[in-house]
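Asks: Next up, work.tsv (TSV, C-alpha atoms and all ligand atoms).
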chain	number	residue	atom	x	y	z
A	1	MET	CA	44.36	-40.53	20.99
A	2	ALA	CA	47.33	-38.10	20.80
A	3	GLU	CA	46.51	-34.60	22.06
A	4	GLY	CA	45.32	-32.88	18.85
A	5	TYR	CA	45.15	-29.17	18.07
A	6	GLN	CA	42.90	-27.35	20.56
A	7	PRO	CA	41.13	-24.34	18.93
A	8	THR	CA	40.91	-21.09	20.87
A	9	LYS	CA	38.05	-21.15	23.36
A	10	ALA	CA	37.69	-17.33	23.25
A	11	ALA	CA	34.02	-16.49	23.81
A	12	ALA	CA	34.36	-13.32	21.73
A	13	LEU	CA	35.56	-15.28	18.69
A	14	ASP	CA	32.72	-17.75	19.04
A	15	ARG	CA	30.21	-14.92	19.40
A	16	ASP	CA	31.52	-13.20	16.30
A	17	CYS	CA	31.06	-16.46	14.43
A	18	THR	CA	27.43	-16.85	15.57
A	19	THR	CA	26.01	-15.43	12.39
A	20	LEU	CA	22.40	-15.66	11.31
A	21	SER	CA	22.95	-18.55	8.90
A	22	ARG	CA	24.76	-20.60	11.57
A	23	HIS	CA	22.09	-19.77	14.16
A	24	VAL	CA	19.29	-21.07	11.92
A	25	LEU	CA	21.03	-24.44	11.57
A	26	GLN	CA	21.63	-24.53	15.35
A	27	GLN	CA	17.93	-23.76	15.94
A	28	LEU	CA	16.77	-26.54	13.65
A	29	GLN	CA	19.41	-29.01	14.84
A	30	SER	CA	19.65	-30.11	11.28
A	31	PHE	CA	21.81	-29.75	8.17
A	32	GLY	CA	19.03	-31.13	5.96
A	33	GLN	CA	17.67	-29.45	2.83
A	34	GLU	CA	14.91	-27.42	4.53
A	35	ALA	CA	17.33	-26.22	7.21
A	36	GLN	CA	19.86	-25.24	4.55
A	37	ASP	CA	17.09	-23.43	2.61
A	38	LEU	CA	16.00	-21.42	5.65
A	39	SER	CA	19.61	-20.64	6.51
A	40	ALA	CA	20.22	-19.36	2.99
A	41	LEU	CA	16.92	-17.43	3.00
A	42	MET	CA	17.81	-15.64	6.22
A	43	ASN	CA	21.28	-14.90	4.90
A	44	ARG	CA	19.82	-13.13	1.88
A	45	ILE	CA	17.37	-11.21	4.04
A	46	ALA	CA	20.36	-10.10	6.09
A	47	LEU	CA	22.01	-8.85	2.88
A	48	ALA	CA	18.85	-6.89	2.06
A	49	GLY	CA	18.99	-5.34	5.53
A	50	LYS	CA	22.60	-4.29	5.02
A	51	LEU	CA	21.85	-2.70	1.66
A	52	VAL	CA	18.84	-0.77	3.00
A	53	ALA	CA	20.76	0.31	6.11
A	54	ARG	CA	23.60	1.62	3.92
A	55	HIS	CA	21.19	3.60	1.72
A	56	LEU	CA	19.38	5.04	4.74
A	57	SER	CA	22.69	6.10	6.32
A	58	ARG	CA	23.41	8.25	3.26
A	59	ALA	CA	19.80	9.25	2.49
A	60	GLY	CA	20.47	12.93	3.05
A	61	LEU	CA	23.42	12.89	0.67
A	62	VAL	CA	22.38	10.86	-2.36
A	63	GLU	CA	19.95	12.06	-4.98
A	64	ASP	CA	17.43	9.24	-5.18
A	65	ALA	CA	16.77	8.52	-1.53
A	66	LEU	CA	14.48	11.01	0.10
A	67	VAL	CA	11.05	12.49	-0.51
A	68	PHE	CA	8.16	11.26	-2.56
A	69	THR	CA	8.12	9.69	-5.99
A	70	GLY	CA	4.84	11.37	-6.86
A	71	ARG	CA	3.22	7.92	-7.16
A	72	THR	CA	0.63	6.29	-4.94
A	73	ASN	CA	0.61	2.56	-4.24
A	74	VAL	CA	-2.21	0.06	-4.14
A	75	GLN	CA	-2.84	1.23	-0.57
A	76	GLY	CA	-3.59	4.73	-1.86
A	77	GLU	CA	-0.52	5.96	0.00
A	78	SER	CA	2.17	8.24	-1.40
A	79	VAL	CA	5.28	6.25	-2.21
A	80	LYS	CA	8.71	7.40	-1.11
A	81	ARG	CA	11.86	6.80	-3.10
A	82	MET	CA	13.16	4.75	-0.18
A	83	ASP	CA	10.05	2.50	-0.35
A	84	ILE	CA	10.87	1.66	-3.96
A	85	TYR	CA	14.59	1.27	-3.38
A	86	ALA	CA	14.00	-1.14	-0.48
A	87	ASN	CA	11.29	-2.98	-2.39
A	88	ASP	CA	13.71	-3.65	-5.24
A	89	VAL	CA	16.53	-4.63	-2.87
A	90	PHE	CA	14.47	-7.55	-1.55
A	91	ILE	CA	13.80	-8.67	-5.12
A	92	SER	CA	17.46	-8.38	-6.14
A	93	VAL	CA	18.90	-10.32	-3.22
A	94	PHE	CA	16.75	-13.32	-4.13
A	95	LYS	CA	17.63	-13.35	-7.82
A	96	GLN	CA	19.65	-16.41	-8.90
A	97	SER	CA	18.85	-18.03	-5.55
A	98	GLY	CA	16.55	-20.86	-6.59
A	99	LEU	CA	14.84	-20.19	-3.26
A	100	VAL	CA	12.11	-17.57	-3.62
A	101	CYS	CA	9.84	-17.89	-6.61
A	102	ARG	CA	7.38	-15.17	-5.53
A	103	LEU	CA	7.41	-11.99	-3.53
A	104	ALA	CA	4.39	-10.05	-2.20
A	105	SER	CA	4.97	-6.54	-0.96
A	106	GLU	CA	3.10	-3.52	0.29
A	107	GLU	CA	4.52	-1.65	-2.70
A	108	MET	CA	3.38	-4.08	-5.42
A	109	ASP	CA	-0.26	-4.50	-6.46
A	110	ASP	CA	0.13	-8.18	-7.29
A	111	VAL	CA	2.50	-11.04	-6.48
A	112	TYR	CA	5.90	-10.68	-8.25
A	113	TYR	CA	7.66	-13.72	-9.79
A	114	ILE	CA	11.42	-14.14	-10.21
A	115	PRO	CA	11.43	-16.21	-13.41
A	116	GLU	CA	14.66	-18.18	-12.94
A	117	ASN	CA	13.55	-19.24	-9.46
A	118	CYS	CA	10.17	-20.65	-10.52
A	119	PRO	CA	8.92	-23.32	-10.10
A	120	ILE	CA	11.99	-24.70	-8.31
A	121	GLY	CA	11.83	-22.03	-5.61
A	122	ARG	CA	9.17	-23.24	-3.18
A	123	TYR	CA	9.16	-20.20	-0.90
A	124	THR	CA	7.30	-16.91	-0.95
A	125	LEU	CA	8.59	-13.78	0.74
A	126	LEU	CA	5.94	-11.36	2.01
A	127	TYR	CA	7.35	-8.03	3.12
A	128	ASP	CA	6.91	-4.41	3.98
A	129	PRO	CA	10.14	-2.99	2.56
A	130	ILE	CA	10.10	0.21	4.57
A	131	ASP	CA	7.75	0.39	7.53
A	132	GLY	CA	7.29	3.84	9.01
A	133	SER	CA	8.06	5.67	5.75
A	134	SER	CA	6.93	8.96	7.27
A	135	ASN	CA	10.08	8.81	9.44
A	136	VAL	CA	12.56	8.53	6.54
A	137	ASP	CA	12.87	12.26	5.74
A	138	ILE	CA	13.33	13.18	9.42
A	139	ASN	CA	16.01	10.57	10.16
A	140	LEU	CA	13.94	8.61	12.69
A	141	ASN	CA	13.76	4.85	12.99
A	142	VAL	CA	12.15	2.81	10.22
A	143	GLY	CA	12.08	-0.93	9.57
A	144	SER	CA	11.47	-3.76	7.14
A	145	ILE	CA	9.05	-6.55	8.06
A	146	PHE	CA	9.12	-10.02	6.46
A	147	ALA	CA	7.41	-13.40	6.53
A	148	ILE	CA	8.36	-16.58	4.71
A	149	ARG	CA	5.74	-19.06	3.53
A	150	GLN	CA	5.94	-22.33	1.62
A	151	GLN	CA	4.44	-22.13	-1.87
A	152	VAL	CA	1.46	-24.47	-1.95
A	153	GLY	CA	0.87	-26.00	-5.41
A	154	ASP	CA	2.41	-24.49	-8.54
A	155	ASP	CA	0.39	-21.23	-8.62
A	156	ALA	CA	0.25	-21.69	-12.39
A	157	ASN	CA	-2.39	-18.97	-12.71
A	158	GLN	CA	-0.07	-16.62	-10.81
A	159	THR	CA	-2.70	-15.18	-8.50
A	160	GLY	CA	-0.99	-16.12	-5.23
A	161	ASP	CA	-4.36	-17.28	-3.89
A	162	ASP	CA	-2.60	-19.89	-1.74
A	163	LEU	CA	-1.23	-16.96	0.30
A	164	LEU	CA	-4.77	-16.14	1.50
A	165	SER	CA	-4.46	-18.37	4.56
A	166	ASN	CA	-3.95	-17.67	8.25
A	167	GLY	CA	-0.67	-16.68	9.85
A	168	ARG	CA	-0.06	-20.11	11.33
A	169	ASP	CA	1.15	-21.09	7.83
A	170	GLN	CA	4.18	-18.82	8.22
A	171	LEU	CA	7.49	-20.75	8.30
A	172	ALA	CA	9.49	-17.78	9.61
A	173	ALA	CA	8.98	-14.09	10.35
A	174	GLY	CA	10.96	-11.12	11.50
A	175	TYR	CA	11.96	-7.54	10.99
A	176	ILE	CA	14.99	-5.32	10.56
A	177	LEU	CA	15.01	-2.16	12.68
A	178	TYR	CA	17.13	0.66	11.25
A	179	GLY	CA	17.94	2.68	14.34
A	180	PRO	CA	21.14	3.80	16.10
A	181	SER	CA	22.21	0.25	15.30
A	182	THR	CA	20.67	-2.05	12.73
A	183	VAL	CA	18.97	-4.98	14.47
A	184	LEU	CA	17.46	-8.04	12.81
A	185	VAL	CA	14.89	-9.95	14.90
A	186	TYR	CA	13.54	-13.30	13.68
A	187	SER	CA	11.90	-16.55	14.59
A	188	ILE	CA	11.59	-19.86	12.77
A	189	GLY	CA	9.36	-21.26	15.48
A	190	HIS	CA	12.05	-21.88	18.10
A	191	GLY	CA	11.92	-18.62	20.05
A	192	VAL	CA	12.74	-15.03	19.11
A	193	HIS	CA	16.35	-13.90	18.60
A	194	ALA	CA	18.03	-10.60	17.79
A	195	PHE	CA	21.15	-9.94	15.75
A	196	THR	CA	23.02	-6.64	15.64
A	197	LEU	CA	24.85	-5.55	12.50
A	198	ASP	CA	28.58	-5.17	13.14
A	199	PRO	CA	29.53	-2.73	10.35
A	200	SER	CA	33.23	-3.56	10.79
A	201	LEU	CA	32.44	-7.19	9.95
A	202	GLY	CA	29.47	-6.60	7.68
A	203	GLU	CA	27.72	-9.37	9.59
A	204	PHE	CA	24.68	-9.60	11.82
A	205	ILE	CA	25.95	-11.06	15.10
A	206	LEU	CA	23.75	-12.68	17.76
A	207	SER	CA	22.96	-10.08	20.43
A	208	ALA	CA	19.89	-11.47	22.27
A	209	GLU	CA	18.59	-15.04	22.32
A	210	ASN	CA	15.17	-16.41	23.35
A	211	ILE	CA	13.63	-12.99	23.99
A	212	ARG	CA	10.58	-13.20	26.27
A	213	LEU	CA	8.39	-10.20	27.04
A	214	PRO	CA	6.82	-9.68	30.49
A	215	ASN	CA	3.11	-10.43	30.99
A	216	HIS	CA	2.58	-6.73	31.70
A	217	GLY	CA	4.59	-3.63	30.80
A	218	PRO	CA	4.34	0.16	31.23
A	219	ASN	CA	4.20	1.17	27.57
A	220	TYR	CA	1.04	1.80	25.61
A	221	SER	CA	1.62	2.80	22.00
A	222	VAL	CA	-1.20	4.31	19.94
A	223	ASN	CA	-1.83	7.40	17.83
A	224	GLU	CA	-4.13	9.29	20.21
A	225	GLY	CA	-4.77	11.82	17.45
A	226	ASN	CA	-7.30	9.28	16.16
A	227	TYR	CA	-9.24	9.27	19.49
A	228	TRP	CA	-12.22	11.05	17.90
A	229	GLN	CA	-12.48	8.25	15.28
A	230	TRP	CA	-12.44	5.27	17.64
A	231	ASP	CA	-15.20	3.05	19.00
A	232	ASP	CA	-16.19	3.87	22.58
A	233	SER	CA	-14.42	0.72	23.84
A	234	LEU	CA	-11.00	2.10	22.83
A	235	ARG	CA	-11.84	5.43	24.42
A	236	ASP	CA	-12.73	3.52	27.60
A	237	TYR	CA	-9.27	1.90	27.50
A	238	ILE	CA	-7.47	5.20	26.94
A	239	ARG	CA	-9.40	6.84	29.77
A	240	TYR	CA	-8.37	3.92	32.00
A	241	VAL	CA	-4.63	4.29	31.31
A	242	HIS	CA	-4.91	8.09	31.66
A	243	ARG	CA	-6.31	7.60	35.17
A	244	HIS	CA	-3.96	4.90	36.46
A	245	GLU	CA	-0.33	5.20	37.54
A	246	GLY	CA	2.41	3.23	35.85
A	247	TYR	CA	1.65	3.83	32.16
A	248	SER	CA	3.85	5.61	29.62
A	249	SER	CA	2.71	6.70	26.18
A	250	ARG	CA	5.30	5.89	23.51
A	251	TYR	CA	4.52	6.26	19.78
A	252	SER	CA	7.15	6.71	17.05
A	253	GLY	CA	5.03	6.50	13.90
A	254	ALA	CA	6.89	3.36	12.85
A	255	LEU	CA	5.27	0.07	13.83
A	256	VAL	CA	8.61	-1.79	13.87
A	257	GLY	CA	10.18	0.62	16.36
A	258	ASP	CA	7.12	0.69	18.61
A	259	PHE	CA	6.83	-3.10	18.42
A	260	HIS	CA	10.51	-3.56	19.31
A	261	ARG	CA	10.05	-1.45	22.46
A	262	ILE	CA	7.04	-3.59	23.45
A	263	LEU	CA	8.99	-6.81	22.75
A	264	MET	CA	11.93	-5.67	24.87
A	265	GLN	CA	10.08	-3.90	27.74
A	266	GLY	CA	6.45	-5.06	27.64
A	267	GLY	CA	3.21	-3.17	27.15
A	268	VAL	CA	0.82	-2.93	24.20
A	269	PHE	CA	0.69	-1.43	20.71
A	270	LEU	CA	-2.67	-0.61	19.17
A	271	TYR	CA	-3.82	0.43	15.75
A	272	PRO	CA	-7.63	0.30	16.08
A	273	GLY	CA	-10.21	0.72	13.35
A	274	THR	CA	-11.26	4.32	12.75
A	275	THR	CA	-14.26	5.94	11.12
A	276	LYS	CA	-12.08	6.61	8.06
A	277	GLN	CA	-10.46	3.12	8.08
A	278	PRO	CA	-12.85	0.77	9.98
A	279	ASP	CA	-10.47	-2.19	9.39
A	280	GLY	CA	-7.51	-0.19	10.64
A	281	LYS	CA	-4.44	0.85	8.65
A	282	LEU	CA	-2.06	-2.07	9.10
A	283	ARG	CA	-1.88	-4.90	6.57
A	284	LEU	CA	-2.25	-8.46	7.75
A	285	LEU	CA	0.07	-10.50	5.52
A	286	TYR	CA	3.25	-8.42	5.82
A	287	GLU	CA	2.79	-6.32	8.96
A	288	SER	CA	0.44	-7.80	11.60
A	289	ALA	CA	0.80	-11.54	10.91
A	290	PRO	CA	4.64	-11.62	11.01
A	291	LEU	CA	4.67	-9.57	14.23
A	292	ALA	CA	1.92	-11.73	15.71
A	293	TYR	CA	4.05	-14.81	14.95
A	294	LEU	CA	6.96	-13.20	16.80
A	295	ILE	CA	4.97	-11.99	19.81
A	296	GLU	CA	3.43	-15.43	20.36
A	297	GLN	CA	6.89	-16.98	20.12
A	298	ALA	CA	8.03	-14.47	22.78
A	299	GLY	CA	5.12	-15.30	25.13
A	300	GLY	CA	2.84	-12.41	24.22
A	301	LYS	CA	-0.46	-12.01	22.37
A	302	ALA	CA	-1.81	-10.40	19.20
A	303	SER	CA	-5.45	-9.87	18.29
A	304	THR	CA	-7.75	-7.76	16.14
A	305	GLY	CA	-9.39	-6.86	19.47
A	306	THR	CA	-11.79	-9.78	19.15
A	307	GLN	CA	-9.87	-12.55	17.29
A	308	PRO	CA	-6.25	-13.83	17.36
A	309	ILE	CA	-4.35	-12.26	14.47
A	310	LEU	CA	-2.86	-15.64	13.55
A	311	ASP	CA	-6.36	-17.06	12.99
A	312	VAL	CA	-7.47	-14.34	10.55
A	313	VAL	CA	-7.90	-15.55	6.94
A	314	PRO	CA	-7.54	-12.66	4.47
A	315	ASP	CA	-9.67	-12.42	1.33
A	316	LYS	CA	-7.13	-10.31	-0.53
A	317	LEU	CA	-3.37	-9.72	-0.58
A	318	HIS	CA	-3.47	-6.25	1.04
A	319	TYR	CA	-6.10	-7.12	3.64
A	320	ARG	CA	-6.15	-4.89	6.72
A	321	THR	CA	-7.22	-5.59	10.30
A	322	PRO	CA	-7.15	-3.65	13.54
A	323	LEU	CA	-4.15	-4.65	15.69
A	324	VAL	CA	-3.69	-5.03	19.45
A	325	ILE	CA	-0.31	-6.64	20.20
A	326	GLY	CA	2.03	-7.03	23.16
A	327	SER	CA	2.05	-8.34	26.73
A	328	THR	CA	-0.73	-10.83	27.39
A	329	GLU	CA	-2.25	-8.97	30.35
A	330	ASP	CA	-2.23	-5.66	28.49
A	331	VAL	CA	-3.84	-7.11	25.36
A	332	ASN	CA	-6.42	-8.83	27.59
A	333	LEU	CA	-7.20	-5.49	29.26
A	334	VAL	CA	-7.89	-3.84	25.88
A	335	GLU	CA	-10.04	-6.81	24.84
A	336	SER	CA	-12.00	-6.60	28.12
A	337	PHE	CA	-13.14	-3.05	27.29
A	338	ILE	CA	-14.19	-4.23	23.81
A	339	GLN	CA	-16.11	-7.19	25.27
A	340	GLU	CA	-17.78	-4.89	27.82
A	341	ARG	CA	-19.18	-2.69	25.07
A	342	ILE	CA	-20.25	-5.72	23.01
A	343	LYS	CA	-22.18	-7.01	26.05
A	344	GLU	CA	-23.84	-3.59	26.38
A	345	GLY	CA	-24.74	-3.89	22.69
A	346	VAL	CA	-22.94	-0.72	21.53
A	401	LIG	P1	4.22	2.08	6.21
A	401	LIG	O1	5.24	3.17	6.30
A	401	LIG	O2	4.80	0.74	5.84
A	401	LIG	O3	3.02	2.47	5.41
A	401	LIG	O4	3.71	1.81	7.69
A	401	LIG	C1	3.31	2.89	8.44
A	401	LIG	C2	2.40	2.39	9.52
A	401	LIG	C3	3.14	1.89	10.75
A	401	LIG	O5	4.51	1.80	10.58
A	401	LIG	C4	2.84	2.91	11.80
A	401	LIG	O6	2.61	2.30	13.04
A	401	LIG	C5	1.57	3.57	11.29
A	401	LIG	O7	1.60	3.47	9.89
A	401	LIG	C6	1.49	5.01	11.67
A	401	LIG	O8	0.24	5.45	11.20
A	401	LIG	P2	-0.32	6.87	11.69
A	401	LIG	O9	0.61	7.89	11.12
A	401	LIG	O10	-1.71	6.92	11.15
A	401	LIG	O11	-0.29	6.83	13.20
A	402	MN	MN	4.34	-0.61	7.37
A	403	MN	MN	5.84	0.32	4.11
If you convert what's in this file into structure tokens, what do you get?
Ligand code: AHG
Ligand code: MN
Ligand code: MN
Replies:
Amino acid sequence: MAEGYQPTKAAALDRDCTTLSRHVLQQLQSFGQEAQDLSALMNRIALAGKLVARHLSRAGLVEDALVFTGRTNVQGESVKRMDIYANDVFISVFKQSGLVCRLASEEMDDVYYIPENCPIGRYTLLYDPIDGSSNVDINLNVGSIFAIRQQVGDDANQTGDDLLSNGRDQLAAGYILYGPSTVLVYSIGHGVHAFTLDPSLGEFILSAENIRLPNHGPNYSVNEGNYWQWDDSLRDYIRYVHRHEGYSSRYSGALVGDFHRILMQGGVFLYPGTTKQPDGKLRLLYESAPLAYLIEQAGGKASTGTQPILDVVPDKLHYRTPLVIGSTEDVNLVESFIQERIKEGV
């Protein structure tokens, strides 16, 4: 065959073209309908990330971005303007998509339906629009967490009861970390991959592929201000790390940022039950389960302290559980203190 045109082999050009939507198709090794759906879903989540990142970057300058709305959400938590803005961004980006019929969010009491996408749209997006809201007004890192599930049945009675299943039913999960750069981390069951937003392109470009965390790491991340409210087993663990060399305490107040450090460097994040919140603070369906999906894909572990997070079946949309997540050996160490106390019958 005559020598045809030979495209540039520049690695930089190819890297800049490795966008999220292309990467999903590469991961699935398919151009079929489900692969195209997931590629389009991730592309719209990327758009949501760009819109939230833009709003955050100007939060101190625009009227409707900072401080509280004066409302409290179903969690009983004060709602920030940024929570509502981000919540509505994720709804808007899926309008006229034919992809997502339903959304379930930390900021909405019940499941929300996008009429034109139902019943054709067979996917549900579960999300925490802004995680770490307390950091918004002080310009520290926050995130968005998401999980994608298939809609089972037609949910005609619009209760979303089919969502009350364990985390192994998740098709995809990830988060967007709004930090010095905006990073989107996701998995569709073929490893964990990170994309960094290139503002000059307006695209998320592949920056780390097949992320694997070490079996042990130096970081332990927990709000020690709750020490007085914990079971003795967690106090035993904290006393252990206080007395042994090689541990660093790192806690930002935003789960996504603390999780990202654990994913990249190893260690463990904990949000145990407390006397005030015996089931812990973090919500299963749109905080712990998506991150548990990711950590298992990256070779780590996530548990309630006694049960794998991905095995927990919630009985309501905003179900909470304690969370211990990170490097396998570090999670096992926390669990060993819990088991010790159970054996002692305390
Ligand atoms: P959200 O802002 O979505 O309510 O999440 C906040 C969570 C989580 O991001 C963080 O790890 C935790 O709350 C911090 O709680 P404490 O302030 O009680 O430590
Ligand atoms: Mn959160
Ligand atoms: Mn939130």
Asks: Using all atoms listed in the file, which residues have at least one atom no more than 7 Å from ligand MN 403 (chain A)? Output them as an MDAnalysis selection string.
Replies: chainID A and resid 83 106 128:133
Asks: List all protein, DNA and RNA residues that have an atom no more than 9 Å from any atom of ligand LIG 401 (chain A), counting only C-alpha atoms and all ligand atoms, and report them as JSON, numbers by chain.
Replies: {"A": [75, 77, 78, 79, 83, 106, 107, 128, 129, 130, 131, 132, 133, 134, 135, 142, 143, 144, 145, 222, 223, 224, 225, 226, 251, 252, 253, 254, 255, 256, 257, 258, 259, 269, 270, 271, 281, 282, 283, 287]}
Asks: Ranking A:Phe204, A:Asp330, A:Ser105, A:Tyr186 by minimum distance to ligand MN 402 (chain A) and counting only C-alpha atoms and all ligand atoms, which one comes first?
Replies: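 Closest residue, counting only C-alpha atoms and all ligand atoms: A:Ser105.
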Asks: Out of A:Ala302, A:Leu285, A:Ile342, A:Leu234, which residue has the shortest atom-to-atom distance to ligand MN 402 (chain A) when counting all atoms listed in the file?
Replies: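 Ranking A:Ala302, A:Leu285, A:Ile342, A:Leu234 by distance to ligand MN 402 (chain A), first place goes to A:Leu285.
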Asks: In terms of the shortest atom-to-atom distance over only C-alpha atoms and all ligand atoms, which of A:Val152, A:Gln307, A:Asp315, A:Tyr127 is closest to ligand MN 402 (chain A)?
Replies: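 Closest to ligand MN 402 (chain A), using only C-alpha atoms and all ligand atoms: A:Tyr127.
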Asks: Could you tell me how far atom CA of A:Gln265 sits from atom CA of A:Pro214, in Å to one decimal place?
Replies: 7.2 Å
Asks: Do a neighbour search on stretch 166-178 of chain A at 9 Å with only C-alpha atoms, toss out local chain neighbours closer than 5 positions, and write the hits as an MDAnalysis selection string.
Replies: chainID A and resid 38 46 49 52:53 56 140:150 183:189 192 256:257 260 284:285 289:294 309:314
Asks: Just checking: using all atoms listed in the file, which residue out of A:Ser336, A:Gln96, A:Ser288, A:Thr275 ends up closest to ligand MN 402 (chain A)?
Replies: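 Answer, going by the shortest atom-to-atom distance: A:Ser288.
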Asks: Just checking: using only C-alpha atoms, which residue out of A:Val324, A:Ala59, A:Val100, A:Val74 ends up closest to A:Arg44?
Replies: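 For A:Arg44, the nearest of the candidates is A:Val100.
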Asks: For A:Asn215, which residue among A:Pro115, A:Gly280, A:Gly326, A:Gly121 is the nearest when counting all atoms listed in the file?
Replies: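 Of all the options, A:Gly326 lies closest to A:Asn215.
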Asks: To one decimal in Å, tell me the separation between atom CA of A:Arg239 and atom CA of A:Gly305.
Replies: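 Distance between the two atoms: 17.1 Å.
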